[in-house]
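As stored in model01.txt (compact mmCIF, C-alpha atoms):
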```txt
# COMPACT_ATOMS: atom_id res chain seq x y z
CA MET A 1 15.50 -0.16 -4.29
CA SER A 2 16.50 2.48 -6.75
CA PRO A 3 15.28 1.18 -10.06
CA ASP A 4 18.70 1.64 -11.60
CA GLU A 5 18.08 -1.30 -13.82
CA PRO A 6 14.33 -1.30 -14.02
CA HIS A 7 14.06 -2.66 -17.52
CA LEU A 8 11.91 -5.67 -17.64
CA PRO A 9 12.90 -7.78 -20.55
CA ALA A 10 9.98 -7.49 -22.94
CA ASP A 11 9.21 -11.14 -22.40
CA SER A 12 10.26 -11.39 -18.80
CA THR A 13 7.26 -13.44 -17.83
CA SER A 14 7.53 -16.02 -20.53
CA ARG A 15 11.23 -16.57 -21.13
CA PRO A 16 12.23 -18.39 -17.97
CA ALA A 17 9.31 -20.75 -18.38
CA GLU A 18 10.47 -21.83 -21.80
CA SER A 19 14.22 -21.79 -21.49
CA THR A 20 14.94 -23.12 -18.05
CA ALA A 21 11.88 -25.02 -17.00
CA THR A 22 13.68 -28.24 -17.83
CA ASP A 23 16.85 -27.76 -15.82
CA GLY A 24 14.93 -25.82 -13.15
CA GLN A 25 12.56 -28.76 -12.95
CA ARG A 26 15.22 -30.98 -11.47
CA ARG A 27 14.83 -29.75 -7.93
CA LEU A 28 13.96 -26.63 -6.05
CA GLU A 29 14.78 -26.41 -2.39
CA PHE A 30 13.69 -23.81 0.13
CA SER A 31 16.69 -24.19 2.41
CA ALA A 32 18.73 -22.23 4.93
CA ALA A 33 21.71 -22.57 2.58
CA GLY A 34 19.78 -20.94 -0.25
CA LEU A 35 18.60 -18.21 2.08
CA ARG A 36 22.18 -17.53 3.15
CA ALA A 37 23.45 -17.54 -0.43
CA GLY A 38 20.83 -14.95 -1.39
CA PHE A 39 21.68 -12.77 1.58
CA VAL A 40 25.46 -12.88 1.01
CA THR A 41 25.19 -12.33 -2.74
CA CYS A 42 23.00 -9.31 -2.16
CA VAL A 43 25.05 -7.56 0.55
CA PRO A 44 27.17 -5.45 -1.85
CA VAL A 45 23.99 -4.34 -3.63
CA ALA A 46 22.29 -3.74 -0.28
CA LEU A 47 25.13 -1.42 0.74
CA GLY A 48 24.29 0.78 -2.24
CA VAL A 49 20.62 0.59 -1.28
CA GLY A 50 21.66 1.72 2.20
CA ALA A 51 23.36 4.86 0.90
CA TYR A 52 20.17 5.62 -0.97
CA GLY A 53 18.12 4.89 2.15
CA ILE A 54 19.96 7.58 4.09
CA VAL A 55 18.96 10.12 1.45
CA PHE A 56 15.38 8.85 1.63
CA GLY A 57 15.36 9.25 5.42
CA VAL A 58 16.63 12.83 5.23
CA LEU A 59 14.07 13.75 2.56
CA ALA A 60 11.25 12.07 4.46
CA ARG A 61 12.10 14.11 7.51
CA GLU A 62 12.26 17.33 5.54
CA ALA A 63 8.86 16.53 4.06
CA GLY A 64 7.38 16.36 7.55
CA LEU A 65 7.31 12.62 8.23
CA SER A 66 8.26 11.64 11.78
CA VAL A 67 11.13 9.19 12.32
CA PRO A 68 8.76 6.29 13.19
CA THR A 69 6.57 7.01 10.17
CA ALA A 70 9.56 7.07 7.82
CA VAL A 71 10.94 3.84 9.28
CA ALA A 72 7.53 2.17 9.16
CA MET A 73 7.21 3.13 5.52
CA SER A 74 10.58 1.60 4.62
CA ALA A 75 9.86 -1.54 6.64
CA THR A 76 6.42 -2.25 5.20
CA VAL A 77 6.42 -0.75 1.69
CA LEU A 78 9.98 -1.56 0.61
CA ALA A 79 9.81 0.13 -2.79
CA GLY A 80 12.27 2.97 -3.35
CA ALA A 81 10.80 4.93 -6.24
CA ALA A 82 7.27 4.80 -4.82
CA GLN A 83 8.47 5.91 -1.39
CA LEU A 84 10.38 8.87 -2.81
CA ILE A 85 7.36 9.92 -4.84
CA ALA A 86 5.15 9.62 -1.74
CA VAL A 87 7.55 11.83 0.20
CA GLY A 88 7.47 14.34 -2.67
CA LEU A 89 3.66 14.42 -2.42
CA TRP A 90 3.56 14.55 1.39
CA ASP A 91 1.76 17.58 2.76
CA TRP A 92 -0.51 18.53 5.60
CA PRO A 93 -3.25 17.39 5.51
CA ILE A 94 -1.85 14.32 3.77
CA PRO A 95 -3.26 13.90 0.24
CA VAL A 96 -4.26 10.30 0.96
CA VAL A 97 -5.72 9.41 -2.43
CA ALA A 98 -2.77 10.88 -4.33
CA VAL A 99 -0.15 9.17 -2.15
CA VAL A 100 -1.74 5.71 -2.09
CA GLY A 101 -2.97 5.91 -5.70
CA THR A 102 0.40 6.97 -7.07
CA THR A 103 2.12 4.27 -5.03
CA LEU A 104 -0.14 1.68 -6.60
CA VAL A 105 0.39 2.90 -10.16
CA VAL A 106 4.17 3.27 -9.82
CA ASN A 107 4.36 -0.26 -8.44
CA LEU A 108 2.21 -1.92 -11.09
CA ARG A 109 5.45 -3.02 -12.73
CA TYR A 110 5.85 -5.50 -9.85
CA LEU A 111 2.99 -7.47 -11.39
CA LEU A 112 5.29 -8.47 -14.24
CA MET A 113 8.25 -9.06 -11.96
CA GLY A 114 6.25 -11.34 -9.67
CA ALA A 115 4.84 -13.18 -12.65
CA SER A 116 8.33 -13.79 -14.01
CA LEU A 117 9.14 -15.93 -10.95
CA ARG A 118 6.23 -18.23 -11.70
CA PRO A 119 8.24 -21.15 -13.19
CA TRP A 120 10.02 -21.65 -9.88
CA PHE A 121 7.70 -20.18 -7.28
CA SER A 122 4.72 -22.24 -8.34
CA ARG A 123 6.65 -25.20 -6.89
CA LEU A 124 7.10 -23.60 -3.46
CA SER A 125 4.46 -23.74 -0.76
CA SER A 126 2.06 -20.77 -0.75
CA GLN A 127 3.52 -19.54 2.48
CA GLN A 128 7.10 -19.67 1.15
CA ALA A 129 6.15 -17.94 -2.11
CA TYR A 130 3.99 -15.20 -0.65
CA THR A 131 6.42 -14.43 2.19
CA SER A 132 9.30 -14.17 -0.30
CA LEU A 133 7.31 -11.85 -2.59
CA PHE A 134 6.94 -9.28 0.19
CA PHE A 135 10.73 -8.86 0.07
CA MET A 136 10.91 -8.44 -3.70
CA ALA A 137 12.53 -5.17 -4.79
CA ASP A 138 14.05 -4.20 -8.14
CA GLU A 139 17.61 -5.18 -7.26
CA ASN A 140 17.10 -8.56 -5.63
CA TRP A 141 14.49 -9.55 -8.20
CA ALA A 142 17.14 -9.18 -10.91
CA LEU A 143 19.69 -11.16 -8.87
CA THR A 144 17.14 -13.88 -8.13
CA VAL A 145 16.05 -14.37 -11.72
CA GLU A 146 19.71 -14.66 -12.68
CA ASP A 147 20.36 -17.22 -9.93
CA LEU A 148 17.29 -19.34 -10.65
CA ARG A 149 17.87 -19.30 -14.40
CA SER A 150 21.33 -20.72 -13.79
CA GLY A 151 19.59 -23.75 -12.34
CA SER A 152 20.76 -23.28 -8.76
CA GLY A 153 17.49 -24.60 -7.39
CA ARG A 154 17.66 -22.16 -4.50
CA GLY A 155 14.02 -21.37 -3.83
CA ALA A 156 14.88 -19.21 -0.81
CA PHE A 157 17.20 -16.90 -2.78
CA LEU A 158 14.61 -14.12 -3.18
CA LEU A 159 13.84 -14.17 0.53
CA GLY A 160 17.52 -14.14 1.51
CA SER A 161 18.49 -11.34 -0.86
CA GLY A 162 15.35 -9.43 0.07
CA LEU A 163 16.20 -9.66 3.76
CA ALA A 164 19.63 -8.16 3.03
CA ILE A 165 17.97 -5.22 1.25
CA TRP A 166 15.33 -4.86 3.96
CA VAL A 167 17.89 -4.68 6.78
CA PHE A 168 20.04 -2.03 5.07
CA TRP A 169 17.09 -0.04 3.74
CA VAL A 170 15.32 0.17 7.10
CA ALA A 171 18.46 0.91 9.13
CA ALA A 172 19.58 3.56 6.64
CA THR A 173 16.14 5.18 6.68
CA ALA A 174 16.31 5.47 10.47
CA LEU A 175 19.81 6.94 10.27
CA GLY A 176 18.82 9.45 7.59
CA ALA A 177 15.59 10.43 9.33
CA VAL A 178 17.38 11.11 12.62
CA ALA A 179 20.17 13.03 10.85
CA GLY A 180 17.61 14.92 8.77
CA GLY A 181 16.02 16.31 11.90
CA VAL A 182 19.32 17.90 12.89
CA LEU A 183 19.91 19.71 9.59
CA GLY A 184 18.92 23.35 9.43
CA ASP A 185 17.41 25.19 6.49
CA PRO A 186 17.06 22.66 3.64
CA ALA A 187 17.49 25.33 0.97
CA ALA A 188 21.02 26.08 2.23
CA TYR A 189 22.10 22.59 1.21
CA GLY A 190 20.10 22.53 -2.00
CA LEU A 191 17.94 19.83 -0.41
CA ASN A 192 14.82 21.09 -2.11
CA PHE A 193 16.46 20.11 -5.40
CA VAL A 194 17.54 16.65 -4.24
CA LEU A 195 14.26 14.97 -5.10
CA THR A 196 14.26 16.51 -8.58
CA ALA A 197 17.86 15.33 -9.04
CA ILE A 198 17.06 11.77 -7.93
CA PHE A 199 14.04 11.56 -10.23
CA LEU A 200 16.14 12.82 -13.15
CA ALA A 201 18.88 10.26 -12.44
CA LEU A 202 16.30 7.46 -12.14
CA LEU A 203 14.75 8.57 -15.40
CA VAL A 204 18.09 8.15 -17.18
CA GLY A 205 17.93 4.49 -16.11
CA PHE A 206 14.45 4.15 -17.60
CA TRP A 207 15.65 5.39 -21.01
CA GLU A 208 15.36 2.67 -23.62
CA GLY A 209 16.43 4.55 -26.72
CA ARG A 210 14.68 7.00 -28.99
CA GLY A 211 11.38 5.15 -28.79
CA THR A 212 11.02 6.34 -25.21
CA LEU A 213 10.92 9.97 -26.35
CA LEU A 214 7.31 9.96 -27.57
CA PRO A 215 5.64 8.55 -24.42
CA TRP A 216 7.74 10.87 -22.24
CA ALA A 217 6.97 13.98 -24.32
CA VAL A 218 3.27 13.11 -24.15
CA ALA A 219 3.52 12.56 -20.39
CA ALA A 220 5.22 15.95 -19.87
CA LEU A 221 2.70 17.85 -22.00
CA VAL A 222 -0.32 16.17 -20.42
CA ALA A 223 1.11 16.70 -16.92
CA VAL A 224 1.72 20.41 -17.43
CA GLY A 225 -1.70 20.82 -19.07
CA VAL A 226 -3.56 18.97 -16.32
CA HIS A 227 -1.56 20.78 -13.64
CA THR A 228 -2.73 24.13 -15.01
CA ALA A 229 -6.32 23.01 -15.47
CA LEU A 230 -7.00 20.95 -12.34
CA PRO A 231 -6.16 21.45 -8.68
CA GLY A 232 -4.39 18.72 -6.69
CA ARG A 233 -2.09 16.07 -8.08
CA TRP A 234 -4.12 14.52 -10.85
CA TYR A 235 -1.41 15.60 -13.28
CA ILE A 236 0.84 12.79 -12.01
CA LEU A 237 -1.58 9.97 -12.75
CA ALA A 238 -2.66 11.69 -15.96
CA GLY A 239 0.95 11.89 -17.14
CA GLY A 240 1.64 8.25 -16.29
CA VAL A 241 -1.48 6.99 -18.04
CA ALA A 242 -0.77 9.21 -21.06
CA ALA A 243 2.71 7.67 -21.35
CA SER A 244 1.19 4.19 -21.23
CA VAL A 245 -1.36 4.98 -23.91
CA ALA A 246 1.30 6.62 -26.12
CA GLU A 247 3.56 3.59 -25.71
CA VAL A 248 0.85 1.14 -26.68
CA MET A 249 -0.22 3.30 -29.67
CA ARG A 250 3.38 3.48 -30.80
CA GLY A 251 3.60 -0.31 -30.77
CA VAL A 252 0.37 -0.63 -32.71
CA ARG A 253 1.50 1.71 -35.48
CA MET B 1 9.70 13.86 19.16
CA PHE B 2 6.96 11.23 19.07
CA ALA B 3 4.30 13.89 19.32
CA ASP B 4 4.21 14.18 15.54
CA VAL B 5 3.47 10.51 14.98
CA SER B 6 0.01 10.88 13.60
CA VAL B 7 -2.46 8.07 13.23
CA THR B 8 -3.31 9.37 9.77
CA ALA B 9 0.31 9.18 8.64
CA LEU B 10 0.61 5.59 9.81
CA ALA B 11 -2.71 4.72 8.16
CA VAL B 12 -1.41 6.16 4.88
CA VAL B 13 1.77 4.08 5.25
CA LEU B 14 -0.37 0.99 5.81
CA GLY B 15 -2.37 1.83 2.69
CA MET B 16 0.86 2.18 0.72
CA SER B 17 2.17 -1.15 1.96
CA ALA B 18 -1.15 -2.88 1.20
CA VAL B 19 -1.26 -1.73 -2.43
CA THR B 20 2.45 -2.44 -2.87
CA TYR B 21 2.13 -5.99 -1.57
CA ALA B 22 -0.92 -6.42 -3.79
CA THR B 23 1.26 -5.68 -6.82
CA LYS B 24 4.17 -7.87 -5.67
CA ALA B 25 2.01 -10.88 -4.83
CA GLY B 26 -0.76 -10.14 -7.34
CA GLY B 27 1.47 -10.56 -10.36
CA PHE B 28 2.39 -14.05 -9.27
CA TRP B 29 -1.20 -14.86 -8.39
CA VAL B 30 -3.08 -13.38 -11.35
CA LEU B 31 -0.59 -13.90 -14.14
CA ASP B 32 -0.28 -17.51 -13.06
CA ARG B 33 -3.82 -17.80 -14.43
CA VAL B 34 -3.91 -15.26 -17.28
CA GLU B 35 -1.15 -14.64 -19.82
CA PRO B 36 -0.85 -10.84 -20.23
CA SER B 37 -1.00 -9.50 -23.77
CA GLU B 38 1.91 -7.60 -25.28
CA SER B 39 -0.05 -4.33 -24.99
CA VAL B 40 -0.71 -4.83 -21.28
CA ARG B 41 2.95 -5.58 -20.76
CA GLU B 42 4.02 -2.43 -22.61
CA ALA B 43 1.48 -0.29 -20.79
CA LEU B 44 2.62 -1.51 -17.36
CA ASP B 45 6.26 -1.09 -18.31
CA ALA B 46 5.74 2.54 -19.45
CA LEU B 47 3.95 3.67 -16.28
CA PRO B 48 6.83 4.40 -13.86
CA GLY B 49 8.81 6.42 -16.42
CA GLY B 50 5.70 8.37 -17.40
CA ILE B 51 4.88 9.20 -13.79
CA ILE B 52 8.41 10.38 -13.08
CA VAL B 53 8.35 12.53 -16.24
CA ALA B 54 5.02 14.05 -15.15
CA ILE B 55 6.39 14.94 -11.71
CA LEU B 56 9.60 16.33 -13.21
CA ALA B 57 7.85 18.42 -15.87
CA VAL B 58 5.93 20.35 -13.23
CA ARG B 59 8.80 20.55 -10.73
CA LEU B 60 11.28 21.81 -13.34
CA LEU B 61 8.81 24.29 -14.81
CA GLU B 62 8.43 25.80 -11.34
CA GLY B 63 12.14 25.51 -10.56
CA GLY B 64 13.37 27.96 -13.19
CA PRO B 65 16.69 28.25 -15.07
CA PRO B 66 19.09 27.41 -12.16
CA GLU B 67 17.36 24.04 -11.74
CA TRP B 68 17.43 23.42 -15.50
CA VAL B 69 21.20 23.87 -15.57
CA ALA B 70 21.63 21.66 -12.51
CA GLY B 71 19.25 19.14 -14.06
CA LEU B 72 21.44 18.90 -17.15
CA ALA B 73 24.41 18.14 -14.90
CA VAL B 74 22.43 15.36 -13.19
CA VAL B 75 21.49 13.78 -16.51
CA ALA B 76 25.07 14.02 -17.81
CA VAL B 77 26.57 12.36 -14.72
CA ALA B 78 23.84 9.72 -14.44
CA HIS B 79 24.27 8.87 -18.11
CA ARG B 80 28.03 8.54 -17.79
CA THR B 81 28.33 6.79 -14.42
CA ASP B 82 24.97 5.03 -13.95
CA ASN B 83 25.22 6.19 -10.33
CA VAL B 84 22.12 7.89 -8.93
CA LEU B 85 23.82 9.19 -5.79
CA LEU B 86 26.81 10.65 -7.63
CA ALA B 87 24.49 12.35 -10.12
CA MET B 88 22.46 13.77 -7.26
CA VAL B 89 25.53 15.21 -5.54
CA ALA B 90 26.78 16.72 -8.81
CA GLY B 91 23.39 18.30 -9.48
CA VAL B 92 23.11 19.84 -6.03
CA GLY B 93 26.68 21.13 -6.35
CA VAL B 94 25.93 22.80 -9.67
CA LEU B 95 22.70 24.28 -8.32
CA LEU B 96 24.48 25.81 -5.34
CA ALA B 97 27.21 27.14 -7.61
CA VAL B 98 24.66 28.65 -10.00
CA ARG B 99 22.74 30.24 -7.16
CA GLY B 100 25.95 31.89 -6.01
CA GLY B 101 26.39 29.18 -3.39
CA THR B 102 26.43 30.49 0.11
CA GLY B 103 26.97 27.89 2.80
CA VAL B 104 28.19 24.54 1.58
CA LEU B 105 30.26 25.66 -1.39
CA GLY B 106 31.30 28.89 0.25
```
Encoding of this model in structure tokens:
Amino acid sequence: MSPDEPHLPADSTSRPAESTATDGQRRLEFSAAGLRAGFVTCVPVALGVGAYGIVFGVLAREAGLSVPTAVAMSATVLAGAAQLIAVGLWDWPIPVVAVVGTTLVVNLRYLLMGASLRPWFSRLSSQQAYTSLFFMADENWALTVEDLRSGSGRGAFLLGSGLAIWVFWVAATALGAVAGGVLGDPAAYGLNFVLTAIFLALLVGFWEGRGTLLPWAVAALVAVGVHTALPGRWYILAGGVAASVAEVMRGVR
Amino acid sequence: MFADVSVTALAVVLGMSAVTYATKAGGFWVLDRVEPSESVREALDALPGGIIVAILAVRLLEGGPPEWVAGLAVVAVAHRTDNVLLAMVAGVGVLLAVRGGTGVLG
């Protein structure tokens, strides 16, 4: 779930269609064997996701989410970065628009990831495709594209690998949330810095070379400016949109 | 312990899962019909990084020098190891050390 390798290939939606449509065309099965292969392949990755889930559970608890709420979030949202950001925004009363709005914007990248599965998934039944897509996270999406491009014909690979991630992510969240309730003063462990640290580490993974500097500098400036000028959390969306605009302008130039 | 399960919190979680599923399934559904332009692709791709930068800019500004030093440690470890958890542990360790670490570091 941690977008450690979040880089979408620039042409992620078009490449598989062109390069492997022919060998992928041979056959695509939605079978128990494919499901199992996806699950087993993903277990080592899911273990890492689990470690991360424990941290998420602890942070969720510190932010004031109950154990059931934290577990429900992991079970139904299944998107690491968005969940961490939501927990960072969590307050009482809950800033509903900020939490749901930021979740949506952070996850817009899934549009491209889902679209990249089109060459194979358009040959599954609607029910198979749309059930599988619920279980799509950064890690198993990457594994699935790799598997399908190799011509395995395993249509259930995304579902199988996604189930592996789901099981570890949800269980780890529960574990972390319960443990988090037992910890004392968060400041004593530096827990108030943990979220900042995770975001910084994730950001390193988003770095794509010097070209990334401009959109990020613009995002930081706009965020700090909006934060001083406006109450609430508009600075987050403003910063994200500013980065998008800067990125597109940079490409145009 | 279940007293703090609020209906509002669960409703917010449901809202989060609805918009998230909309993005996961929507990409397959919509982009099956419309080919996204290069600009749209770039804009979508730049969003998560930009949002994280925005959050960090404000958090770090309010955090002060100890967090800046710890933040540098996080970036250094993440860059070298590609491991988010290890970088997090290193950063927290440095922060506690800088603060004069009572408790965990002794």
Practice problem: Find the residues of chain A in contact range of chain B, meaning any atom within 6 Å when counting only C-alpha atoms, and list them as a ChimeraX atom specification. | Solution: /A:66,73,76-77,100,104,106,108-112,114-115,133,190,197-198,201,216,219-220,223-224,236,239-240,243-244,248
Using all atoms of stretch 146-163 of chain A that appear in the file, construct an axis-aligned enclosing box with 8 Å of padding on every side and provide its centre coordinates and edge lengths in Å, rounded to one decimal, as lines of an AutoDock Vina configuration file.
```
center_x = 17.6
center_y = -17.0
center_z = -5.3
size_x = 23.5
size_y = 31.2
size_z = 34.2
```
Exercise. Please indicate the distance in Å from atom CA of A:Arg61 to atom CA of A:Gly180, rounded to one decimal place.
Key: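 These two atoms are separated by 5.7 Å.
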Quiz prompt | Atomic distance atom CA of A:Val71 - atom CA of A:Val97, expressed in Å with one decimal | solution =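 Distance between the two atoms: 21.1 Å.
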Quiz item: Counting all atoms listed in the file, which of A:Leu35, A:Val194, A:Ala72, A:Leu47 gets nearest to A:Ala174?
Solution: A:Ala72
Exercise. Go ahead and find all residues with at least one atom no further than 8 Å from (16.7, 0.8, 6.6) in the file's coordinates, using only C-alpha atoms; report them as a VMD selection string.
Key: chain A and resid 50 53 to 54 71 74 to 75 166 to 175
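Straight-line separation from atom CA of A:Phe134 to atom CA of A:Phe199: 24.4 Å.
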Self-check item: Option closest in space to B:Pro66, from A:Phe157, A:Trp234, A:Phe39, A:Phe193 [counting only C-alpha atoms]
Solution: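 That would be A:Phe193, the residue with the smallest distance to B:Pro66.
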Missing atoms in stretch 234-247 of chain A need filling: write out N, CA, C and O atoms for it as an mmCIF file, in the frame of the given file.
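Contents of the output file result.cif:
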```cif
data_model
loop_
_atom_site.group_PDB
_atom_site.id
_atom_site.type_symbol
_atom_site.label_atom_id
_atom_site.label_comp_id
_atom_site.auth_asym_id
_atom_site.auth_seq_id
_atom_site.Cartn_x
_atom_site.Cartn_y
_atom_site.Cartn_z
ATOM 1 N N TRP A 234 -3.645 15.415 -9.796
ATOM 2 C CA TRP A 234 -4.120 14.520 -10.850
ATOM 3 C C TRP A 234 -3.147 14.475 -12.016
ATOM 4 O O TRP A 234 -3.135 13.538 -12.793
ATOM 5 N N TYR A 235 -2.335 15.535 -12.149
ATOM 6 C CA TYR A 235 -1.410 15.600 -13.280
ATOM 7 C C TYR A 235 -0.424 14.418 -13.277
ATOM 8 O O TYR A 235 0.034 13.994 -14.329
ATOM 9 N N ILE A 236 -0.123 13.887 -12.088
ATOM 10 C CA ILE A 236 0.840 12.790 -12.010
ATOM 11 C C ILE A 236 0.271 11.517 -12.632
ATOM 12 O O ILE A 236 0.879 10.896 -13.510
ATOM 13 N N LEU A 237 -0.934 11.150 -12.172
ATOM 14 C CA LEU A 237 -1.580 9.970 -12.750
ATOM 15 C C LEU A 237 -1.875 10.185 -14.230
ATOM 16 O O LEU A 237 -1.667 9.295 -15.047
ATOM 17 N N ALA A 238 -2.331 11.388 -14.562
ATOM 18 C CA ALA A 238 -2.660 11.690 -15.960
ATOM 19 C C ALA A 238 -1.426 11.513 -16.843
ATOM 20 O O ALA A 238 -1.500 10.904 -17.920
ATOM 21 N N GLY A 239 -0.288 12.017 -16.373
ATOM 22 C CA GLY A 239 0.950 11.890 -17.140
ATOM 23 C C GLY A 239 1.356 10.439 -17.313
ATOM 24 O O GLY A 239 1.747 10.009 -18.401
ATOM 25 N N GLY A 240 1.261 9.661 -16.231
ATOM 26 C CA GLY A 240 1.640 8.250 -16.290
ATOM 27 C C GLY A 240 0.767 7.469 -17.256
ATOM 28 O O GLY A 240 1.257 6.708 -18.097
ATOM 29 N N VAL A 241 -0.546 7.693 -17.155
ATOM 30 C CA VAL A 241 -1.480 6.990 -18.040
ATOM 31 C C VAL A 241 -1.257 7.415 -19.493
ATOM 32 O O VAL A 241 -1.271 6.583 -20.407
ATOM 33 N N ALA A 242 -1.015 8.724 -19.704
ATOM 34 C CA ALA A 242 -0.770 9.210 -21.060
ATOM 35 C C ALA A 242 0.459 8.534 -21.673
ATOM 36 O O ALA A 242 0.462 8.154 -22.844
ATOM 37 N N ALA A 243 1.504 8.341 -20.856
ATOM 38 C CA ALA A 243 2.710 7.670 -21.350
ATOM 39 C C ALA A 243 2.392 6.231 -21.747
ATOM 40 O O ALA A 243 2.859 5.733 -22.776
ATOM 41 N N SER A 244 1.583 5.569 -20.934
ATOM 42 C CA SER A 244 1.190 4.190 -21.230
ATOM 43 C C SER A 244 0.432 4.097 -22.550
ATOM 44 O O SER A 244 0.733 3.253 -23.389
ATOM 45 N N VAL A 245 -0.557 4.979 -22.693
ATOM 46 C CA VAL A 245 -1.360 4.980 -23.910
ATOM 47 C C VAL A 245 -0.478 5.256 -25.135
ATOM 48 O O VAL A 245 -0.557 4.564 -26.150
ATOM 49 N N ALA A 246 0.418 6.268 -24.999
ATOM 50 C CA ALA A 246 1.300 6.620 -26.120
ATOM 51 C C ALA A 246 2.201 5.436 -26.478
ATOM 52 O O ALA A 246 2.427 5.152 -27.651
ATOM 53 N N GLU A 247 2.683 4.728 -25.472
ATOM 54 C CA GLU A 247 3.560 3.590 -25.710
ATOM 55 C C GLU A 247 2.825 2.473 -26.463
ATOM 56 O O GLU A 247 3.357 1.892 -27.407
#
```
